[in-house]
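Engineer: You'll find final.pdb just under this line, and it carries PDB, C-alpha atoms.
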ATOM      1  CA  MET Z  13       0.000   0.000   0.000
ATOM      2  CA  SER Z  14       2.838   2.337   0.903
ATOM      3  CA  ASP Z  15       4.597   1.570  -2.409
ATOM      4  CA  ARG Z  16       1.504   2.604  -4.284
ATOM      5  CA  PHE Z  17       1.269   5.838  -2.281
ATOM      6  CA  ASN Z  18       4.925   6.609  -2.926
ATOM      7  CA  THR Z  19       4.444   6.032  -6.659
ATOM      8  CA  ILE Z  20       1.489   8.443  -6.788
ATOM      9  CA  ALA Z  21       3.352  11.033  -4.748
ATOM     10  CA  GLY Z  22       6.390  10.727  -7.000
ATOM     11  CA  TRP Z  23       4.407  11.279 -10.187
ATOM     12  CA  THR Z  24       2.624  14.235  -8.625
ATOM     13  CA  LEU Z  25       5.925  15.852  -7.644
ATOM     14  CA  PHE Z  26       7.354  15.195 -11.104
ATOM     15  CA  SER Z  27       4.309  16.828 -12.770
ATOM     16  CA  GLY Z  28       4.718  19.899 -10.617
ATOM     17  CA  VAL Z  29       8.393  20.246 -11.575
ATOM     18  CA  VAL Z  30       7.521  19.934 -15.283
ATOM     19  CA  LEU Z  31       4.782  22.570 -15.067
ATOM     20  CA  LEU Z  32       7.110  24.955 -13.230
ATOM     21  CA  GLY Z  33       9.737  24.552 -15.920
ATOM     22  CA  LEU Z  34       7.250  25.130 -18.741
ATOM     23  CA  SER Z  35       5.979  28.265 -17.027
ATOM     24  CA  ALA Z  36       9.482  29.721 -16.811
ATOM     25  CA  VAL Z  37      10.229  28.944 -20.445
ATOM     26  CA  SER Z  38       6.947  30.397 -21.738
ATOM     27  CA  SER Z  39       7.341  33.612 -19.754
ATOM     28  CA  ARG Z  40      10.776  34.139 -21.279
ATOM     29  CA  TYR Z  41       9.461  33.380 -24.757
ATOM     30  CA  PHE Z  42       6.541  35.782 -24.635
ATOM     31  CA  HIS Z  43       8.590  38.509 -22.927
ATOM     32  CA  ALA Z  44      11.276  38.404 -25.603
ATOM     33  CA  GLY Z  45      12.063  41.817 -27.090
ATOM     34  CA  LYS Z  46       9.792  43.764 -24.727
ATOM     35  CA  GLU Z  47      12.705  45.573 -23.101
ATOM     36  CA  GLN Z  48      13.084  47.593 -26.323
ATOM     37  CA  ARG Z  49      10.218  49.925 -27.314
ATOM     38  CA  PRO Z  50       9.265  49.637 -31.010
ATOM     39  CA  GLU Z  51      10.678  52.451 -33.100
ATOM     40  CA  THR Z  52       7.188  53.205 -34.482
ATOM     41  CA  MET Z  53       4.175  52.654 -32.240
ATOM     42  CA  GLY Z  54       1.073  51.526 -34.134
ATOM     43  CA  TYR Z  55       0.501  52.722 -37.684
ATOM     44  CA  GLU Z  56      -0.535  55.926 -39.419
ATOM     45  CA  ILE Z  57      -4.101  56.670 -40.410
ATOM     46  CA  ALA Z  58      -4.364  58.518 -43.697
ATOM     47  CA  GLY Z  59      -5.502  62.118 -43.354
ATOM     48  CA  VAL Z  60      -4.818  62.447 -39.620
ATOM     49  CA  VAL Z  61      -2.394  65.227 -38.652
ATOM     50  CA  GLN Z  62       0.158  63.978 -36.131
ATOM     51  CA  GLU Z  63       0.883  65.883 -32.932
ATOM     52  CA  GLY Z  64       3.283  68.708 -33.619
ATOM     53  CA  GLU Z  65       2.565  68.759 -37.336
ATOM     54  CA  GLY Z  66       1.003  71.866 -38.863
ATOM     55  CA  GLY Z  67      -2.194  71.568 -40.887
ATOM     56  CA  ALA Z  68      -2.890  73.465 -44.079
ATOM     57  CA  ALA Z  69      -3.511  77.170 -43.586
ATOM     58  CA  GLU Z  70      -7.197  78.059 -43.549
ATOM     59  CA  THR Z  71      -8.392  79.952 -46.604
ATOM     60  CA  PRO Z  72      -9.578  83.454 -45.626
ATOM     61  CA  PHE Z  73     -13.230  84.018 -46.462
ATOM     62  CA  GLU Z  74     -12.307  87.088 -48.508
ATOM     63  CA  ALA Z  75     -10.590  84.732 -50.965
ATOM     64  CA  PHE Z  76     -13.858  82.856 -51.491
ATOM     65  CA  LEU Z  77     -15.646  86.152 -52.084
ATOM     66  CA  ALA Z  78     -13.031  87.228 -54.635
ATOM     67  CA  LYS Z  79     -13.919  84.294 -56.873
ATOM     68  CA  ALA Z  80     -17.625  84.067 -55.999
ATOM     69  CA  ASP Z  81     -20.178  83.576 -58.780
ATOM     70  CA  VAL Z  82     -23.544  85.371 -58.683
ATOM     71  CA  ALA Z  83     -25.196  82.804 -60.967
ATOM     72  CA  LYS Z  84     -24.104  79.958 -58.700
ATOM     73  CA  GLY Z  85     -25.318  81.965 -55.719
ATOM     74  CA  GLU Z  86     -28.752  82.232 -57.298
ATOM     75  CA  LYS Z  87     -28.871  78.428 -57.441
ATOM     76  CA  VAL Z  88     -27.803  78.198 -53.793
ATOM     77  CA  PHE Z  89     -30.649  80.585 -52.904
ATOM     78  CA  ALA Z  90     -33.050  77.777 -53.859
ATOM     79  CA  LYS Z  91     -32.284  76.400 -50.375
ATOM     80  CA  CYS Z  92     -33.610  79.658 -48.905
ATOM     81  CA  ALA Z  93     -36.616  80.179 -51.176
ATOM     82  CA  ALA Z  94     -38.983  78.065 -49.081
ATOM     83  CA  CYS Z  95     -38.840  80.742 -46.362
ATOM     84  CA  HIS Z  96     -37.615  83.935 -48.077
ATOM     85  CA  THR Z  97     -38.541  86.090 -51.064
ATOM     86  CA  ILE Z  98     -35.896  88.349 -52.575
ATOM     87  CA  ASN Z  99     -37.745  90.410 -55.181
ATOM     88  CA  GLN Z 100     -38.107  94.141 -54.525
ATOM     89  CA  GLY Z 101     -41.286  94.739 -52.532
ATOM     90  CA  GLY Z 102     -41.763  91.012 -52.011
ATOM     91  CA  ALA Z 103     -43.808  89.824 -49.052
ATOM     92  CA  ASN Z 104     -42.345  88.381 -45.891
ATOM     93  CA  GLY Z 105     -42.949  84.696 -45.375
ATOM     94  CA  ILE Z 106     -41.642  82.325 -42.740
ATOM     95  CA  GLY Z 107     -38.557  84.516 -42.978
ATOM     96  CA  PRO Z 108     -38.258  88.160 -44.064
ATOM     97  CA  ASN Z 109     -37.954  89.379 -47.646
ATOM     98  CA  LEU Z 110     -34.221  89.737 -48.389
ATOM     99  CA  TYR Z 111     -34.110  92.400 -51.095
ATOM    100  CA  ALA Z 112     -31.265  94.864 -50.340
ATOM    101  CA  VAL Z 113     -30.489  93.145 -47.036
ATOM    102  CA  MET Z 114     -26.699  93.413 -47.369
ATOM    103  CA  GLY Z 115     -25.517  96.461 -45.468
ATOM    104  CA  GLU Z 116     -28.816  96.899 -43.621
ATOM    105  CA  ALA Z 117     -29.101  96.916 -39.825
ATOM    106  CA  VAL Z 118     -29.473  93.438 -38.339
ATOM    107  CA  ALA Z 119     -33.052  92.467 -37.397
ATOM    108  CA  GLN Z 120     -34.588  95.843 -38.209
ATOM    109  CA  GLY Z 121     -37.065  97.016 -40.802
ATOM    110  CA  ARG Z 122     -38.059  94.357 -43.325
ATOM    111  CA  GLY Z 123     -41.653  95.542 -43.367
ATOM    112  CA  GLY Z 124     -42.191  94.987 -39.671
ATOM    113  CA  TYR Z 125     -41.097  91.342 -39.691
ATOM    114  CA  ALA Z 126     -41.149  89.847 -36.170
ATOM    115  CA  PHE Z 127     -37.482  89.072 -35.559
ATOM    116  CA  SER Z 128     -36.443  86.980 -32.561
ATOM    117  CA  ASP Z 129     -35.084  88.804 -29.532
ATOM    118  CA  ALA Z 130     -31.862  86.801 -29.994
ATOM    119  CA  LEU Z 131     -31.240  88.338 -33.409
ATOM    120  CA  LYS Z 132     -32.424  91.820 -32.430
ATOM    121  CA  ALA Z 133     -29.880  91.809 -29.616
ATOM    122  CA  LYS Z 134     -26.972  91.208 -32.020
ATOM    123  CA  GLY Z 135     -26.906  94.760 -33.337
ATOM    124  CA  GLY Z 136     -24.599  95.937 -36.102
ATOM    125  CA  LYS Z 137     -25.188  95.553 -39.823
ATOM    126  CA  TRP Z 138     -25.296  92.703 -42.291
ATOM    127  CA  ASP Z 139     -21.758  93.220 -43.527
ATOM    128  CA  TRP Z 140     -19.693  90.441 -45.090
ATOM    129  CA  ALA Z 141     -18.383  89.126 -41.751
ATOM    130  CA  ALA Z 142     -21.769  89.117 -40.010
ATOM    131  CA  MET Z 143     -23.543  87.447 -42.940
ATOM    132  CA  ASN Z 144     -20.791  84.834 -43.227
ATOM    133  CA  SER Z 145     -21.113  83.973 -39.539
ATOM    134  CA  TRP Z 146     -24.922  83.802 -39.825
ATOM    135  CA  LEU Z 147     -24.931  81.572 -42.897
ATOM    136  CA  THR Z 148     -22.302  79.266 -41.403
ATOM    137  CA  ASN Z 149     -24.419  78.460 -38.355
ATOM    138  CA  PRO Z 150     -27.443  80.637 -37.489
ATOM    139  CA  ALA Z 151     -27.947  78.957 -34.101
ATOM    140  CA  ALA Z 152     -24.341  79.635 -33.068
ATOM    141  CA  HIS Z 153     -24.411  83.213 -34.399
ATOM    142  CA  ALA Z 154     -27.571  84.121 -32.475
ATOM    143  CA  PRO Z 155     -28.474  81.453 -29.882
ATOM    144  CA  GLY Z 156     -32.258  81.404 -29.542
ATOM    145  CA  THR Z 157     -32.954  82.498 -33.137
ATOM    146  CA  LYS Z 158     -36.145  81.325 -34.844
ATOM    147  CA  MET Z 159     -34.097  80.380 -37.908
ATOM    148  CA  SER Z 160     -34.175  76.579 -38.195
ATOM    149  CA  PHE Z 161     -31.745  76.334 -41.141
ATOM    150  CA  ALA Z 162     -28.619  74.380 -40.118
ATOM    151  CA  GLY Z 163     -26.242  76.556 -42.135
ATOM    152  CA  LEU Z 164     -23.807  76.124 -45.026
ATOM    153  CA  SER Z 165     -20.482  74.503 -44.162
ATOM    154  CA  ASP Z 166     -18.889  75.160 -47.570
ATOM    155  CA  GLY Z 167     -17.127  78.544 -47.679
ATOM    156  CA  GLN Z 168     -17.401  78.942 -51.439
ATOM    157  CA  GLU Z 169     -21.110  78.148 -51.372
ATOM    158  CA  ARG Z 170     -21.653  80.841 -48.737
ATOM    159  CA  ALA Z 171     -19.610  83.322 -50.764
ATOM    160  CA  ASN Z 172     -21.624  82.609 -53.919
ATOM    161  CA  LEU Z 173     -24.873  83.120 -52.034
ATOM    162  CA  MET Z 174     -23.656  86.363 -50.459
ATOM    163  CA  VAL Z 175     -22.613  87.985 -53.740
ATOM    164  CA  TYR Z 176     -26.036  87.028 -55.109
ATOM    165  CA  LEU Z 177     -27.719  88.694 -52.117
ATOM    166  CA  ASN Z 178     -25.484  91.722 -52.627
ATOM    167  CA  ALA Z 179     -26.562  91.973 -56.253
ATOM    168  CA  GLN Z 180     -30.228  92.173 -55.242
ATOM    169  CA  GLY Z 181     -30.565  95.829 -54.327
ATOM    170  CA  SER Z 182     -27.324  96.128 -52.341
ATOM    171  CA  ASN Z 183     -23.931  97.121 -53.597
ATOM    172  CA  LEU Z 184     -21.357  96.610 -50.851
ATOM    173  CA  PRO Z 185     -17.756  96.618 -52.109
ATOM    174  CA  LEU Z 186     -15.972  93.291 -51.730
ATOM    175  CA  PRO Z 187     -13.416  93.223 -48.913
ATOM    176  CA  ALA Z 188      -9.746  92.938 -49.827
ATOM    177  CA  VAL Z 189      -8.125  89.520 -49.577
ATOM    178  CA  PRO Z 190      -5.617  89.621 -46.685
ATOM    179  CA  GLU Z 191      -1.990  89.139 -47.602
ATOM    180  CA  THR Z 192      -0.450  85.746 -46.923
ATOM    181  CA  PRO Z 193       1.933  86.091 -43.945
ATOM    182  CA  ALA Z 194       5.619  85.512 -44.603
ATOM    183  CA  ALA Z 195       7.075  82.131 -43.661
ATOM    184  CA  GLY Z 196       7.647  81.944 -39.925
ATOM    185  CA  ALA Z 197       5.432  84.949 -39.177
ATOM    186  CA  ALA Z 198       2.948  84.596 -36.347
ATOM    187  CA  PRO Z 199      -0.639  84.091 -37.564
ATOM    188  CA  ALA Z 200      -3.019  87.012 -37.136
ATOM    189  CA  ALA Z 201      -5.394  86.762 -34.209
ATOM    190  CA  ALA Z 202      -8.950  85.773 -35.044
ATOM    191  CA  ALA Z 203     -11.524  88.538 -34.875
ATOM    192  CA  VAL Z 204     -13.545  88.562 -31.655
ATOM    193  CA  VAL Z 205     -17.318  88.574 -32.190
ATOM    194  CA  GLY Z 206     -19.210  90.622 -29.624
ATOM    195  CA  ASP Z 207     -22.398  89.655 -27.796
ATOM    196  CA  ALA Z 208     -24.671  92.663 -27.249
ATOM    197  CA  ALA Z 209     -26.602  91.034 -24.383
ATOM    198  CA  LYS Z 210     -23.382  90.388 -22.454
ATOM    199  CA  GLY Z 211     -22.187  93.865 -23.403
ATOM    200  CA  GLN Z 212     -25.268  95.379 -21.765
ATOM    201  CA  LYS Z 213     -24.243  93.710 -18.502
ATOM    202  CA  SER Z 214     -20.651  94.942 -18.841
ATOM    203  CA  PHE Z 215     -21.959  98.468 -19.482
ATOM    204  CA  ALA Z 216     -22.810  98.580 -15.768
ATOM    205  CA  LYS Z 217     -19.131  99.523 -15.327
ATOM    206  CA  CYS Z 218     -19.774 102.620 -17.473
ATOM    207  CA  ALA Z 219     -23.180 103.608 -16.108
ATOM    208  CA  ALA Z 220     -21.776 105.689 -13.237
ATOM    209  CA  CYS Z 221     -20.575 108.256 -15.776
ATOM    210  CA  HIS Z 222     -22.590 107.631 -18.960
ATOM    211  CA  THR Z 223     -26.245 107.399 -19.951
ATOM    212  CA  ILE Z 224     -27.103 105.462 -23.106
ATOM    213  CA  ASN Z 225     -30.825 106.039 -23.667
ATOM    214  CA  ALA Z 226     -31.794 108.088 -26.716
ATOM    215  CA  GLY Z 227     -31.932 111.752 -25.701
ATOM    216  CA  GLY Z 228     -30.394 111.012 -22.303
ATOM    217  CA  ALA Z 229     -28.519 113.731 -20.483
ATOM    218  CA  ASN Z 230     -24.758 114.023 -20.346
ATOM    219  CA  GLY Z 231     -23.200 113.340 -16.971
ATOM    220  CA  ILE Z 232     -19.591 113.030 -15.904
ATOM    221  CA  GLY Z 233     -19.201 111.564 -19.381
ATOM    222  CA  PRO Z 234     -21.314 112.122 -22.496
ATOM    223  CA  ASN Z 235     -24.524 110.280 -23.351
ATOM    224  CA  LEU Z 236     -23.557 107.345 -25.616
ATOM    225  CA  ALA Z 237     -26.736 106.640 -27.594
ATOM    226  CA  GLY Z 238     -25.784 106.483 -31.279
ATOM    227  CA  VAL Z 239     -22.099 107.117 -30.596
ATOM    228  CA  MET Z 240     -20.844 104.384 -32.963
ATOM    229  CA  GLY Z 241     -19.939 105.944 -36.296
ATOM    230  CA  GLU Z 242     -19.919 109.487 -34.910
ATOM    231  CA  GLY Z 243     -16.871 111.760 -34.963
ATOM    232  CA  VAL Z 244     -14.466 111.290 -32.037
ATOM    233  CA  GLY Z 245     -14.760 114.111 -29.480
ATOM    234  CA  GLN Z 246     -17.601 115.833 -31.313
ATOM    235  CA  GLY Z 247     -21.294 116.523 -30.794
ATOM    236  CA  ARG Z 248     -22.930 114.774 -27.861
ATOM    237  CA  GLY Z 249     -25.129 117.745 -27.034
ATOM    238  CA  GLY Z 250     -22.227 120.129 -26.563
ATOM    239  CA  TYR Z 251     -20.359 117.954 -24.076
ATOM    240  CA  ALA Z 252     -17.011 119.500 -23.099
ATOM    241  CA  PHE Z 253     -14.526 116.978 -24.452
ATOM    242  CA  SER Z 254     -10.859 117.238 -23.522
ATOM    243  CA  ASP Z 255      -8.518 118.779 -26.091
ATOM    244  CA  ALA Z 256      -6.683 115.445 -26.124
ATOM    245  CA  LEU Z 257      -9.763 113.645 -27.436
ATOM    246  CA  LYS Z 258     -10.939 116.425 -29.744
ATOM    247  CA  THR Z 259      -7.610 116.360 -31.585
ATOM    248  CA  LYS Z 260      -7.729 112.596 -32.250
ATOM    249  CA  GLY Z 261     -10.007 112.956 -35.269
ATOM    250  CA  GLY Z 262     -11.676 110.071 -37.066
ATOM    251  CA  ASN Z 263     -14.881 108.275 -36.155
ATOM    252  CA  TRP Z 264     -15.876 105.792 -33.484
ATOM    253  CA  ASP Z 265     -15.566 102.602 -35.550
ATOM    254  CA  ASP Z 266     -14.916  99.163 -34.057
ATOM    255  CA  ALA Z 267     -11.114  99.463 -34.057
ATOM    256  CA  THR Z 268     -11.092 102.991 -32.598
ATOM    257  CA  MET Z 269     -13.577 102.136 -29.862
ATOM    258  CA  ASP Z 270     -11.624  98.964 -29.016
ATOM    259  CA  ALA Z 271      -8.402 100.973 -28.637
ATOM    260  CA  TRP Z 272     -10.204 103.529 -26.437
ATOM    261  CA  LEU Z 273     -11.776 100.892 -24.201
ATOM    262  CA  THR Z 274      -8.448  99.062 -23.876
ATOM    263  CA  ASP Z 275      -6.614 102.049 -22.403
ATOM    264  CA  PRO Z 276      -8.192 105.533 -22.615
ATOM    265  CA  ALA Z 277      -5.085 107.278 -21.251
ATOM    266  CA  LYS Z 278      -2.875 105.669 -23.883
ATOM    267  CA  PHE Z 279      -5.383 106.277 -26.697
ATOM    268  CA  ALA Z 280      -5.622 110.011 -25.910
ATOM    269  CA  PRO Z 281      -2.911 111.154 -23.460
ATOM    270  CA  GLY Z 282      -4.387 113.984 -21.390
ATOM    271  CA  THR Z 283      -7.984 112.729 -21.595
ATOM    272  CA  LYS Z 284     -10.366 113.497 -18.722
ATOM    273  CA  MET Z 285     -11.497 109.853 -18.759
ATOM    274  CA  SER Z 286     -10.306 108.290 -15.496
ATOM    275  CA  PHE Z 287     -11.409 104.735 -16.339
ATOM    276  CA  ALA Z 288      -8.392 102.391 -16.468
ATOM    277  CA  GLY Z 289      -9.716 100.352 -19.403
ATOM    278  CA  LEU Z 290     -10.723  96.753 -20.082
ATOM    279  CA  SER Z 291      -8.000  94.166 -20.663
ATOM    280  CA  ASP Z 292     -10.378  91.436 -21.854
ATOM    281  CA  ALA Z 293     -10.854  91.584 -25.649
ATOM    282  CA  GLN Z 294     -14.119  89.645 -25.530
ATOM    283  CA  GLU Z 295     -15.614  92.008 -22.969
ATOM    284  CA  ARG Z 296     -14.627  95.008 -25.102
ATOM    285  CA  ALA Z 297     -16.199  93.385 -28.177
ATOM    286  CA  ASN Z 298     -19.381  92.733 -26.194
ATOM    287  CA  ILE Z 299     -19.639  96.382 -25.125
ATOM    288  CA  ILE Z 300     -19.019  97.578 -28.691
ATOM    289  CA  ALA Z 301     -21.787  95.252 -29.927
ATOM    290  CA  TYR Z 302     -24.097  96.715 -27.276
ATOM    291  CA  LEU Z 303     -23.187 100.316 -28.200
ATOM    292  CA  LYS Z 304     -24.182  99.524 -31.786
ATOM    293  CA  THR Z 305     -27.685  98.654 -30.606
ATOM    294  CA  ALA Z 306     -28.109 101.927 -28.719
ATOM    295  CA  LYS Z 307     -29.517 104.381 -31.264
TER
END
As structure tokens, please, write out the structure in this file.

Structural biologist:
Amino acid sequence: MSDRFNTIAGWTLFSGVVLLGLSAVSSRYFHAGKEQRPETMGYEIAGVVQEGEGGAAETPFEAFLAKADVAKGEKVFAKCAACHTINQGGANGIGPNLYAVMGEAVAQGRGGYAFSDALKAKGGKWDWAAMNSWLTNPAAHAPGTKMSFAGLSDGQERANLMVYLNAQGSNLPLPAVPETPAAGAAPAAAAVVGDAAKGQKSFAKCAACHTINAGGANGIGPNLAGVMGEGVGQGRGGYAFSDALKTKGGNWDDATMDAWLTDPAKFAPGTKMSFAGLSDAQERANIIAYLKTAK
């Protein structure tokens, strides 16, 4: 009986030794070469830009406009015709009549069409930049708009449509195509789009010195209703501007107002304006958008 037990025990021990040996060999086999990282991890996927690589430079929208085709734009307008007329004196439909819309104030006029509050709050005019932003994605341009159209992702298609709109009662000059920066030059900063509703909230910082209602009285600073586009340091009901500001000349366009709001003392050394300025470009753009709505 004991011999039989010893035989079983011996075979069991032998099996364990064999399994241990096989385990050691297999671990070495499957671990082979893992100490050295592969020179190339994985494989490339066509069309994917690798980290650190530069993509192709984005085509400026002005370049699309430069080669836009009115006839092609008329065909693109077929996508708009279910909601909009474009003939002179045409009736409003689901959307407003669009005759002579380019260059007109955003969400105003159009035979009393009921624009959404979201679009009315945008302010400004339907210039090339505003119309491009709107046609790219109406919901992103004016969150809360009634416009259900998803937008046009193709830049050339938008440009064709816009020159067609411009040919229907409008005649805005095409913007110049920006020069291509020299190799190694830093890219130009993207334009900041202002939000009039947010600008109204930021205007609280100005309200201690300025009124902005139409016909409002001057205070420590002048009333600002309708100031955009007006001559710098002029008018405003006879407000006593500083000589420093009166000698600046020019009009209150976007760039001039942005420079003023950034640092009044630097813009017009000797100005009476004691406000230190706004360092945030988005906040300045928001205030400028709000000023455009104050007529």

Engineer: Using all atoms listed in the file, determine which residues lie at most 9 Å from Gln180 (chain Z), disregarding the query and same-chain residues fewer than 5 positions distant; provide the list as a list in words.

Structural biologist: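 The residues that qualify are Ile98, Asn99, Gln100, Leu110, Tyr111, Ala112, Val113, Met114 and Val175 of chain Z.
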
Engineer: Which residues of region 241-281 of chain Z have any atom within 8 Å of an atom in region 215-230 of chain Z when counting all atoms listed in the file, and what is the closest pair of atoms for each, with the distance in Å to one decimal? Order the rows by chain and rising number and write it as a Markdown table.

Structural biologist:
| residue | atom | partner | partner_atom | distance |
| --- | --- | --- | --- | --- |
| Z:Arg248 | CA | Z:Asn230 | CA | 7.8 |
| Z:Gly249 | CA | Z:Asn230 | CA | 7.7 |
| Z:Tyr251 | CA | Z:Asn230 | CA | 7.0 |

Engineer: Between CA of Ile300 (chain Z) and CA of Gly107 (chain Z), what is the spacing in Å?

Structural biologist: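 Atom-to-atom, CA of Gly107 (chain Z) and CA of Ile300 (chain Z) are spaced 27.5 Å apart.
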
Engineer: List as a list in words the protein and nucleic acid residues near Thr274 (chain Z), meaning an atom at most 7 Å away when all atoms listed in the file are counted, but skip any in the same chain fewer than 2 places from it.

Structural biologist: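 My list of contacting residues is Asp270, Ala271, Trp272, Pro276, Gly289, Leu290 and Ser291 of chain Z.
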
Engineer: For each of Z:Thr71, Z:Thr148, Z:Thr259, Z:Thr305, take the minimum atom-to-atom distance to Leu164 (chain Z), counting only C-alpha atoms, then give the residue where this is smallest.

Structural biologist: Z:Thr148

Engineer: Compare Z:Ala297, Z:Ile232, Z:Ala162, Z:Leu173 by their minimum atom-to-atom distance to Ala90 (chain Z), counting only C-alpha atoms, and give me the closest one.

Structural biologist: Z:Leu173

Engineer: Name the residues in contact with Phe127 (chain Z) at a cut-off of 9 Å, using only C-alpha atoms, excluding same-chain residues fewer than 5 positions from it; report them as a PyMOL selection string.

Structural biologist: chain Z and resi 107-108+119-120+132+157-158

Engineer: Let me have the centre and edge lengths in Å, one decimal, of the box along x, y and z around every listed atom of region 292-301 of chain Z with 4 Å of margin on each side, as JSON.

Structural biologist:
{"center_x": -16.1, "center_y": 93.6, "center_z": -25.9, "size_x": 19.4, "size_y": 15.9, "size_z": 16.1}

Engineer: Can you tell me how far CA of Asp207 (chain Z) sits from CA of Leu273 (chain Z), in Å to one decimal?

Structural biologist: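 CA of Asp207 (chain Z) sits 15.9 Å away from CA of Leu273 (chain Z).
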
Engineer: Name the closest residue to Asp266 (chain Z) among the candidates Z:Gly136, Z:Pro185, Z:Pro155, Z:Pro190; distances are taken between atoms, counting all atoms listed in the file.

Structural biologist: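 Selected residue with least distance to Asp266 (chain Z): Z:Gly136.
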
Engineer: With distances taken over only C-alpha atoms, which residue among Z:Met269, Z:Ala103, Z:Leu186, Z:Met285 lies nearest Asp255 (chain Z)?

Structural biologist: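 Comparing Z:Met269, Z:Ala103, Z:Leu186, Z:Met285 against Asp255 (chain Z), the winner is Z:Met285.
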
Engineer: Written as a ChimeraX atom specification, what is the full residue list that the PyMOL selection byres ((chain Z and resi 81-89) around 12) yields on the file shown?

Structural biologist: /Z:76-80,90-98,110,147,163-164,166-180

Engineer: Quick one: residues within 8 Å of Ala256 (chain Z), only C-alpha atoms, excluding same-chain residues fewer than 5 positions away - as a list in words?

Structural biologist: Ala280, Pro281, Gly282 and Thr283 of chain Z
